[in-house]
file data.txt (compact mmCIF, N, CA and C atoms)
# COMPACT_ATOMS: atom_id res chain seq x y z
N MET A 1 33.63 150.51 52.14
CA MET A 1 33.82 149.20 51.58
C MET A 1 35.18 149.15 50.87
N ALA A 2 35.77 147.98 50.89
CA ALA A 2 37.08 147.79 50.27
C ALA A 2 36.96 147.86 48.74
N ASP A 3 38.08 148.01 48.08
CA ASP A 3 38.14 148.05 46.62
C ASP A 3 37.94 146.63 46.09
N LEU A 4 36.76 146.35 45.58
CA LEU A 4 36.42 145.00 45.13
C LEU A 4 37.29 144.54 43.96
N SER A 5 37.86 145.48 43.21
CA SER A 5 38.72 145.08 42.09
C SER A 5 40.02 144.45 42.58
N ALA A 6 40.34 144.61 43.86
CA ALA A 6 41.54 144.00 44.43
C ALA A 6 41.31 142.55 44.84
N ILE A 7 40.06 142.11 44.81
CA ILE A 7 39.73 140.74 45.20
C ILE A 7 39.88 139.84 43.99
N LYS A 8 40.70 138.80 44.15
CA LYS A 8 41.01 137.89 43.05
C LYS A 8 40.62 136.46 43.40
N GLU A 9 40.45 135.66 42.37
CA GLU A 9 40.13 134.24 42.53
C GLU A 9 41.18 133.55 43.41
N HIS A 10 40.74 132.64 44.24
CA HIS A 10 41.55 131.81 45.12
C HIS A 10 42.10 132.54 46.34
N MET A 11 41.70 133.79 46.58
CA MET A 11 42.12 134.46 47.81
C MET A 11 41.39 133.80 48.98
N GLU A 12 42.04 133.75 50.13
CA GLU A 12 41.43 133.18 51.32
C GLU A 12 40.59 134.24 52.01
N VAL A 13 39.41 133.85 52.48
CA VAL A 13 38.53 134.73 53.23
C VAL A 13 38.60 134.29 54.69
N ILE A 14 39.00 135.23 55.56
CA ILE A 14 39.12 134.93 56.98
C ILE A 14 38.27 135.90 57.79
N GLY A 15 37.83 135.41 58.94
CA GLY A 15 37.07 136.26 59.83
C GLY A 15 37.98 137.22 60.56
N ALA A 16 37.37 138.12 61.33
CA ALA A 16 38.15 139.07 62.13
C ALA A 16 39.01 138.34 63.14
N ASP A 17 38.64 137.09 63.45
CA ASP A 17 39.39 136.28 64.39
C ASP A 17 40.50 135.47 63.73
N GLY A 18 40.69 135.63 62.42
CA GLY A 18 41.74 134.93 61.69
C GLY A 18 41.37 133.53 61.25
N VAL A 19 40.15 133.10 61.51
CA VAL A 19 39.70 131.76 61.16
C VAL A 19 39.22 131.72 59.71
N HIS A 20 39.63 130.67 59.00
CA HIS A 20 39.27 130.48 57.59
C HIS A 20 37.75 130.36 57.45
N LEU A 21 37.18 131.14 56.52
CA LEU A 21 35.76 131.06 56.21
C LEU A 21 35.55 130.44 54.84
N GLY A 22 36.40 130.79 53.89
CA GLY A 22 36.22 130.29 52.54
C GLY A 22 37.31 130.74 51.61
N THR A 23 37.11 130.41 50.34
CA THR A 23 38.03 130.77 49.27
C THR A 23 37.22 131.44 48.17
N VAL A 24 37.74 132.53 47.65
CA VAL A 24 37.03 133.29 46.61
C VAL A 24 36.98 132.51 45.31
N ASP A 25 35.77 132.41 44.75
CA ASP A 25 35.60 131.92 43.39
C ASP A 25 35.66 133.14 42.48
N LYS A 26 34.82 134.16 42.78
CA LYS A 26 34.87 135.43 42.05
C LYS A 26 33.97 136.43 42.75
N VAL A 27 34.02 137.66 42.30
CA VAL A 27 33.15 138.72 42.80
C VAL A 27 32.00 138.86 41.81
N GLU A 28 30.78 138.88 42.33
CA GLU A 28 29.59 139.09 41.50
C GLU A 28 28.81 140.25 42.10
N GLY A 29 28.82 141.38 41.43
CA GLY A 29 28.14 142.56 41.94
C GLY A 29 28.78 143.03 43.23
N ASP A 30 27.99 143.07 44.31
CA ASP A 30 28.53 143.50 45.60
C ASP A 30 28.65 142.31 46.57
N ARG A 31 28.81 141.12 46.00
CA ARG A 31 28.97 139.92 46.81
C ARG A 31 30.18 139.11 46.36
N ILE A 32 30.74 138.39 47.30
CA ILE A 32 31.86 137.50 47.01
C ILE A 32 31.32 136.09 46.94
N LYS A 33 31.55 135.45 45.81
CA LYS A 33 31.12 134.08 45.60
C LYS A 33 32.23 133.17 46.11
N LEU A 34 31.90 132.27 47.04
CA LEU A 34 32.87 131.35 47.60
C LEU A 34 32.88 130.06 46.79
N THR A 35 34.00 129.34 46.81
CA THR A 35 34.07 128.07 46.09
C THR A 35 33.11 127.07 46.70
N ARG A 36 32.69 126.11 45.92
CA ARG A 36 31.78 125.07 46.40
C ARG A 36 32.38 124.28 47.55
N ALA A 37 33.68 124.08 47.50
CA ALA A 37 34.35 123.30 48.54
C ALA A 37 34.17 123.92 49.92
N ASP A 38 33.90 125.21 49.98
CA ASP A 38 33.72 125.92 51.26
C ASP A 38 32.25 126.06 51.65
N SER A 39 31.38 125.29 51.01
CA SER A 39 29.96 125.39 51.28
C SER A 39 29.46 124.28 52.21
N GLY A 40 30.37 123.57 52.84
CA GLY A 40 30.00 122.55 53.83
C GLY A 40 29.04 121.53 53.28
N SER A 41 27.95 121.31 53.99
CA SER A 41 26.97 120.31 53.57
C SER A 41 26.22 120.74 52.31
N HIS A 42 26.43 121.98 51.88
CA HIS A 42 25.79 122.51 50.67
C HIS A 42 26.79 122.48 49.51
N GLY A 43 27.67 121.50 49.47
CA GLY A 43 28.76 121.45 48.50
C GLY A 43 28.35 121.35 47.06
N ASP A 44 27.05 121.23 46.80
CA ASP A 44 26.60 121.14 45.42
C ASP A 44 26.33 122.51 44.79
N HIS A 45 26.54 123.58 45.57
CA HIS A 45 26.35 124.93 45.03
C HIS A 45 27.19 125.93 45.84
N HIS A 46 27.28 127.13 45.30
CA HIS A 46 28.10 128.18 45.92
C HIS A 46 27.33 128.96 46.99
N HIS A 47 28.09 129.50 47.92
CA HIS A 47 27.54 130.44 48.89
C HIS A 47 28.19 131.80 48.64
N TYR A 48 27.54 132.85 49.11
CA TYR A 48 27.98 134.22 48.88
C TYR A 48 28.05 134.97 50.19
N ILE A 49 28.98 135.93 50.26
CA ILE A 49 29.02 136.85 51.40
C ILE A 49 29.03 138.27 50.86
N SER A 50 28.45 139.16 51.60
CA SER A 50 28.38 140.56 51.20
C SER A 50 29.77 141.18 51.25
N ALA A 51 30.11 141.92 50.21
CA ALA A 51 31.39 142.62 50.19
C ALA A 51 31.43 143.69 51.27
N GLY A 52 30.28 144.07 51.81
CA GLY A 52 30.22 145.03 52.89
C GLY A 52 30.87 144.51 54.17
N LEU A 53 31.09 143.21 54.26
CA LEU A 53 31.76 142.62 55.43
C LEU A 53 33.28 142.72 55.35
N VAL A 54 33.80 143.10 54.18
CA VAL A 54 35.25 143.16 54.01
C VAL A 54 35.82 144.33 54.80
N ALA A 55 36.72 144.00 55.73
CA ALA A 55 37.38 145.04 56.52
C ALA A 55 38.70 145.45 55.89
N ASP A 56 39.41 144.47 55.32
CA ASP A 56 40.73 144.76 54.77
C ASP A 56 41.15 143.66 53.82
N ILE A 57 42.02 143.99 52.90
CA ILE A 57 42.63 143.00 52.03
C ILE A 57 44.11 143.02 52.36
N GLU A 58 44.61 141.89 52.83
CA GLU A 58 45.99 141.77 53.32
C GLU A 58 46.72 140.73 52.47
N GLY A 59 47.41 141.18 51.45
CA GLY A 59 48.11 140.23 50.57
C GLY A 59 47.11 139.36 49.83
N ASP A 60 47.14 138.05 50.10
CA ASP A 60 46.23 137.12 49.44
C ASP A 60 45.07 136.71 50.35
N LYS A 61 44.81 137.50 51.41
CA LYS A 61 43.73 137.21 52.35
C LYS A 61 42.77 138.38 52.42
N ILE A 62 41.50 138.04 52.54
CA ILE A 62 40.46 139.03 52.74
C ILE A 62 40.00 138.89 54.18
N ARG A 63 40.18 139.93 54.97
CA ARG A 63 39.77 139.89 56.37
C ARG A 63 38.41 140.57 56.49
N LEU A 64 37.50 139.87 57.16
CA LEU A 64 36.15 140.39 57.36
C LEU A 64 36.05 141.15 58.67
N SER A 65 35.00 141.93 58.80
CA SER A 65 34.77 142.69 60.03
C SER A 65 34.06 141.85 61.08
N ALA A 66 33.59 140.68 60.72
CA ALA A 66 32.92 139.76 61.64
C ALA A 66 33.77 138.52 61.83
N THR A 67 33.59 137.83 62.94
CA THR A 67 34.29 136.56 63.12
C THR A 67 33.81 135.58 62.05
N ALA A 68 34.59 134.54 61.82
CA ALA A 68 34.21 133.56 60.81
C ALA A 68 32.86 132.92 61.14
N ALA A 69 32.63 132.61 62.42
CA ALA A 69 31.37 131.99 62.82
C ALA A 69 30.18 132.92 62.55
N ASN A 70 30.34 134.18 62.86
CA ASN A 70 29.25 135.14 62.62
C ASN A 70 29.06 135.39 61.12
N ALA A 71 30.15 135.48 60.38
CA ALA A 71 30.04 135.71 58.93
C ALA A 71 29.37 134.52 58.26
N ALA A 72 29.62 133.29 58.76
CA ALA A 72 28.97 132.11 58.19
C ALA A 72 27.46 132.19 58.34
N LEU A 73 27.01 132.80 59.42
CA LEU A 73 25.57 132.96 59.63
C LEU A 73 24.96 133.95 58.64
N LEU A 74 25.79 134.80 58.06
CA LEU A 74 25.33 135.82 57.12
C LEU A 74 25.50 135.41 55.66
N GLU A 75 26.02 134.19 55.42
CA GLU A 75 26.17 133.73 54.04
C GLU A 75 24.80 133.65 53.38
N GLU A 76 24.82 133.79 52.06
CA GLU A 76 23.58 133.79 51.27
C GLU A 76 23.65 132.75 50.17
N GLU A 77 22.48 132.37 49.71
CA GLU A 77 22.36 131.53 48.52
C GLU A 77 22.48 132.43 47.29
N GLU A 78 22.52 131.85 46.11
CA GLU A 78 22.72 132.62 44.89
C GLU A 78 21.67 133.70 44.70
N GLY A 79 20.42 133.42 45.03
CA GLY A 79 19.35 134.40 44.85
C GLY A 79 19.28 135.46 45.92
N GLY A 80 20.19 135.39 46.92
CA GLY A 80 20.22 136.39 47.97
C GLY A 80 19.52 135.97 49.25
N GLU A 81 18.84 134.82 49.21
CA GLU A 81 18.13 134.37 50.40
C GLU A 81 19.11 133.76 51.41
N ALA A 82 18.69 133.78 52.67
CA ALA A 82 19.52 133.22 53.74
C ALA A 82 19.66 131.73 53.54
N ILE A 83 20.76 131.20 54.02
CA ILE A 83 21.00 129.76 53.95
C ILE A 83 20.18 129.08 55.03
N SER A 84 19.49 128.03 54.66
CA SER A 84 18.70 127.29 55.65
C SER A 84 19.32 125.91 55.83
N ASP A 85 19.59 125.56 57.06
CA ASP A 85 20.14 124.23 57.36
C ASP A 85 19.14 123.42 58.12
call {"tool": "encode", "arguments": {"input": "data.txt", "output": "structure tokens"}}
result
Amino acid sequence: MADLSAIKEHMEVIGADGVHLGTVDKVEGDRIKLTRADSGSHGDHHHYISAGLVADIEGDKIRLSATAANAALLEEEEGGEAISD
């Protein structure tokens, strides 16, 4: 896993395919909290992704090991449950 202390607020989160997934709000435990603006139809609350998906930190971008579409399927709600649409 990447060094989570290197992850800062407002960094862009991109999939392995280079597609934008979200923007970091902050790191909470072993998860990255994304800004509400990146929560799509769930814009009234934050979504989270596992820090275990982080493949690399490149400047101000966090590159994931999964494509953005696949990583979006793995996003979680605050309590850790899967997102239901």
call {"tool": "select_by_dssp", "arguments": {"input": "data.txt", "residues": "segment 39-82 of chain A", "states": "alpha helix (DSSP H)", "output": "list in words"}}
result
Ala68, Ala69, Asn70, Ala71, Ala72 and Leu73 of chain A
call {"tool": "residues_around", "arguments": {"input": "data.txt", "residues": "Glu9 of chain A", "least_positions_apart": "6", "cutoff": "6.5 Å", "atoms": "all atoms listed in the file", "output": "number ranges by chain"}}
result
A: 24-26
call {"tool": "write_last_selection", "arguments": {"input": "data.txt", "atoms": "N, CA and C atoms", "output": "CSV table (one decimal), in the coordinates of the input"}}
result
chain,number,residue,atom,x,y,z
A,24,VAL,N,37.7,132.5,47.6
A,24,VAL,CA,37.0,133.3,46.6
A,24,VAL,C,37.0,132.5,45.3
A,25,ASP,N,35.8,132.4,44.8
A,25,ASP,CA,35.6,131.9,43.4
A,25,ASP,C,35.7,133.1,42.5
A,26,LYS,N,34.8,134.2,42.8
A,26,LYS,CA,34.9,135.4,42.0
A,26,LYS,C,34.0,136.4,42.8
call {"tool": "closest_residue", "arguments": {"input": "data.txt", "among": "A:Gly80, A:Lys33, A:Glu75, A:Lys61", "to": "Ile14 of chain A", "atoms": "all atoms listed in the file"}}
result
A:Lys61
call {"tool": "select_by_dssp", "arguments": {"input": "data.txt", "residues": "chain A", "states": "strand (DSSP E or B)", "output": "ChimeraX atom specification"}}
result
/A:12-14,20-28,31-34,48-50,54-58,61-64,76,82
call {"tool": "closest_residue", "arguments": {"input": "data.txt", "among": "A:Glu78, A:Ala72, A:Thr67, A:Arg31", "to": "Asp17 of chain A", "atoms": "only N, CA and C atoms"}}
result
A:Thr67
call {"tool": "atom_distance", "arguments": {"input": "data.txt", "atom1": "atom CA of Ser65 of chain A", "atom2": "atom N of His45 of chain A"}}
result
25.3 Å
call {"tool": "closest_residue", "arguments": {"input": "data.txt", "among": "A:Glu76, A:Met11, A:Arg63, A:Ala6", "to": "His47 of chain A", "atoms": "only C-alpha atoms"}}
result
A:Glu76
call {"tool": "closest_residue", "arguments": {"input": "data.txt", "among": "A:Val19, A:His10, A:Gly59, A:Leu53", "to": "Thr35 of chain A", "atoms": "only N, CA and C atoms"}}
result
A:His10
call {"tool": "atom_distance", "arguments": {"input": "data.txt", "atom1": "atom N of Tyr48 of chain A", "atom2": "atom N of Ala16 of chain A"}}
result
16.5 Å
call {"tool": "closest_residue", "arguments": {"input": "data.txt", "among": "A:Ala68, A:Ala51, A:Ala37, A:Ile62", "to": "Lys8 of chain A", "atoms": "only C-alpha atoms"}}
result
A:Ile62
call {"tool": "atom_distance", "arguments": {"input": "data.txt", "atom1": "atom CA of Asp30 of chain A", "atom2": "atom CA of Ser50 of chain A"}}
result
6.3 Å
call {"tool": "closest_residue", "arguments": {"input": "data.txt", "among": "A:Ala71, A:Ile49, A:Val27, A:Leu21", "to": "Ile7 of chain A", "atoms": "only N, CA and C atoms"}}
result
A:Val27
call {"tool": "decode", "arguments": {"input": "data.txt", "residues": "chain A", "atoms": "C-alpha atoms", "output": "PDB file, in the first residue's frame"}}
result
ATOM      1  CA  MET A   1       0.000   0.000   0.000  1.00  0.00           C
ATOM      2  CA  ALA A   2       1.132   3.547  -0.717  1.00  0.00           C
ATOM      3  CA  ASP A   3       2.240   5.960   2.009  1.00  0.00           C
ATOM      4  CA  LEU A   4      -1.103   7.435   3.092  1.00  0.00           C
ATOM      5  CA  SER A   5       0.637  10.412   4.714  1.00  0.00           C
ATOM      6  CA  ALA A   6       1.517  11.576   1.185  1.00  0.00           C
ATOM      7  CA  ILE A   7      -2.179  11.932   0.319  1.00  0.00           C
ATOM      8  CA  LYS A   8      -3.376  15.506   0.731  1.00  0.00           C
ATOM      9  CA  GLU A   9      -6.673  17.341   0.449  1.00  0.00           C
ATOM     10  CA  HIS A  10      -7.745  18.283  -3.108  1.00  0.00           C
ATOM     11  CA  MET A  11      -5.534  15.698  -4.829  1.00  0.00           C
ATOM     12  CA  GLU A  12      -7.156  14.177  -7.912  1.00  0.00           C
ATOM     13  CA  VAL A  13      -7.981  10.459  -7.816  1.00  0.00           C
ATOM     14  CA  ILE A  14      -7.678   8.753 -11.202  1.00  0.00           C
ATOM     15  CA  GLY A  15      -8.172   5.213 -12.335  1.00  0.00           C
ATOM     16  CA  ALA A  16      -5.476   3.053 -13.908  1.00  0.00           C
ATOM     17  CA  ASP A  17      -6.918   4.268 -17.214  1.00  0.00           C
ATOM     18  CA  GLY A  18      -6.246   7.933 -16.329  1.00  0.00           C
ATOM     19  CA  VAL A  19      -9.947   8.765 -15.967  1.00  0.00           C
ATOM     20  CA  HIS A  20     -10.980  11.100 -13.130  1.00  0.00           C
ATOM     21  CA  LEU A  21     -12.745   9.296 -10.274  1.00  0.00           C
ATOM     22  CA  GLY A  22     -12.812  11.946  -7.585  1.00  0.00           C
ATOM     23  CA  THR A  23     -11.071  14.506  -5.436  1.00  0.00           C
ATOM     24  CA  VAL A  24      -9.655  13.817  -1.980  1.00  0.00           C
ATOM     25  CA  ASP A  25     -11.432  15.394   0.957  1.00  0.00           C
ATOM     26  CA  LYS A  26      -9.172  13.611   3.470  1.00  0.00           C
ATOM     27  CA  VAL A  27      -7.846  10.234   4.581  1.00  0.00           C
ATOM     28  CA  GLU A  28      -9.807   8.476   7.321  1.00  0.00           C
ATOM     29  CA  GLY A  29      -8.148   5.326   8.630  1.00  0.00           C
ATOM     30  CA  ASP A  30      -7.405   3.113   5.627  1.00  0.00           C
ATOM     31  CA  ARG A  31      -9.899   4.829   3.322  1.00  0.00           C
ATOM     32  CA  ILE A  32      -9.857   7.938   1.178  1.00  0.00           C
ATOM     33  CA  LYS A  33     -12.847  10.195   1.658  1.00  0.00           C
ATOM     34  CA  LEU A  34     -13.894  11.825  -1.620  1.00  0.00           C
ATOM     35  CA  THR A  35     -15.499  15.260  -1.848  1.00  0.00           C
ATOM     36  CA  ARG A  36     -19.281  15.397  -2.033  1.00  0.00           C
ATOM     37  CA  ALA A  37     -19.082  16.916  -5.495  1.00  0.00           C
ATOM     38  CA  ASP A  38     -17.667  13.587  -6.742  1.00  0.00           C
ATOM     39  CA  SER A  39     -20.518  11.524  -5.305  1.00  0.00           C
ATOM     40  CA  GLY A  40     -22.788  11.867  -8.348  1.00  0.00           C
ATOM     41  CA  SER A  41     -26.443  11.400  -7.502  1.00  0.00           C
ATOM     42  CA  HIS A  42     -25.372  10.908  -3.866  1.00  0.00           C
ATOM     43  CA  GLY A  43     -24.115  14.511  -3.619  1.00  0.00           C
ATOM     44  CA  ASP A  44     -25.571  14.949  -0.161  1.00  0.00           C
ATOM     45  CA  HIS A  45     -22.844  12.802   1.422  1.00  0.00           C
ATOM     46  CA  HIS A  46     -19.299  11.550   0.905  1.00  0.00           C
ATOM     47  CA  HIS A  47     -18.122   8.336  -0.705  1.00  0.00           C
ATOM     48  CA  TYR A  48     -14.982   6.429   0.270  1.00  0.00           C
ATOM     49  CA  ILE A  49     -12.464   4.242  -1.526  1.00  0.00           C
ATOM     50  CA  SER A  50     -10.058   1.799   0.038  1.00  0.00           C
ATOM     51  CA  ALA A  51      -6.475   3.014   0.229  1.00  0.00           C
ATOM     52  CA  GLY A  52      -5.574  -0.525  -0.834  1.00  0.00           C
ATOM     53  CA  LEU A  53      -6.550   0.503  -4.381  1.00  0.00           C
ATOM     54  CA  VAL A  54      -3.788   3.124  -4.515  1.00  0.00           C
ATOM     55  CA  ALA A  55      -1.129   2.051  -7.000  1.00  0.00           C
ATOM     56  CA  ASP A  56       0.949   5.224  -7.034  1.00  0.00           C
ATOM     57  CA  ILE A  57       1.018   8.868  -6.053  1.00  0.00           C
ATOM     58  CA  GLU A  58       2.192  11.008  -8.965  1.00  0.00           C
ATOM     59  CA  GLY A  59       2.576  14.662  -8.005  1.00  0.00           C
ATOM     60  CA  ASP A  60      -0.940  15.871  -7.183  1.00  0.00           C
ATOM     61  CA  LYS A  61      -2.669  12.742  -8.556  1.00  0.00           C
ATOM     62  CA  ILE A  62      -3.444   9.433  -6.921  1.00  0.00           C
ATOM     63  CA  ARG A  63      -3.456   6.605  -9.456  1.00  0.00           C
ATOM     64  CA  LEU A  64      -5.495   3.538  -8.590  1.00  0.00           C
ATOM     65  CA  SER A  65      -4.812  -0.055  -9.565  1.00  0.00           C
ATOM     66  CA  ALA A  66      -8.327  -0.363 -11.027  1.00  0.00           C
ATOM     67  CA  THR A  67      -9.947   1.578 -13.852  1.00  0.00           C
ATOM     68  CA  ALA A  68     -12.134   4.478 -12.758  1.00  0.00           C
ATOM     69  CA  ALA A  69     -15.294   2.553 -13.726  1.00  0.00           C
ATOM     70  CA  ASN A  70     -14.270  -0.487 -11.687  1.00  0.00           C
ATOM     71  CA  ALA A  71     -13.107   1.606  -8.722  1.00  0.00           C
ATOM     72  CA  ALA A  72     -16.481   3.407  -8.718  1.00  0.00           C
ATOM     73  CA  LEU A  73     -18.140   0.031  -8.221  1.00  0.00           C
ATOM     74  CA  LEU A  74     -15.986  -0.459  -5.116  1.00  0.00           C
ATOM     75  CA  GLU A  75     -16.838   2.884  -3.499  1.00  0.00           C
ATOM     76  CA  GLU A  76     -18.312   2.679  -0.008  1.00  0.00           C
ATOM     77  CA  GLU A  77     -20.653   4.658   2.174  1.00  0.00           C
ATOM     78  CA  GLU A  78     -19.379   6.151   5.438  1.00  0.00           C
ATOM     79  CA  GLY A  79     -20.225   3.034   7.460  1.00  0.00           C
ATOM     80  CA  GLY A  80     -18.333   0.795   5.036  1.00  0.00           C
ATOM     81  CA  GLU A  81     -21.368  -0.612   3.253  1.00  0.00           C
ATOM     82  CA  ALA A  82     -21.527  -0.826  -0.530  1.00  0.00           C
ATOM     83  CA  ILE A  83     -23.197   1.994  -2.401  1.00  0.00           C
ATOM     84  CA  SER A  84     -26.661   1.100  -3.602  1.00  0.00           C
ATOM     85  CA  ASP A  85     -28.146   2.879  -6.602  1.00  0.00           C
TER      86      ASP A  85
END
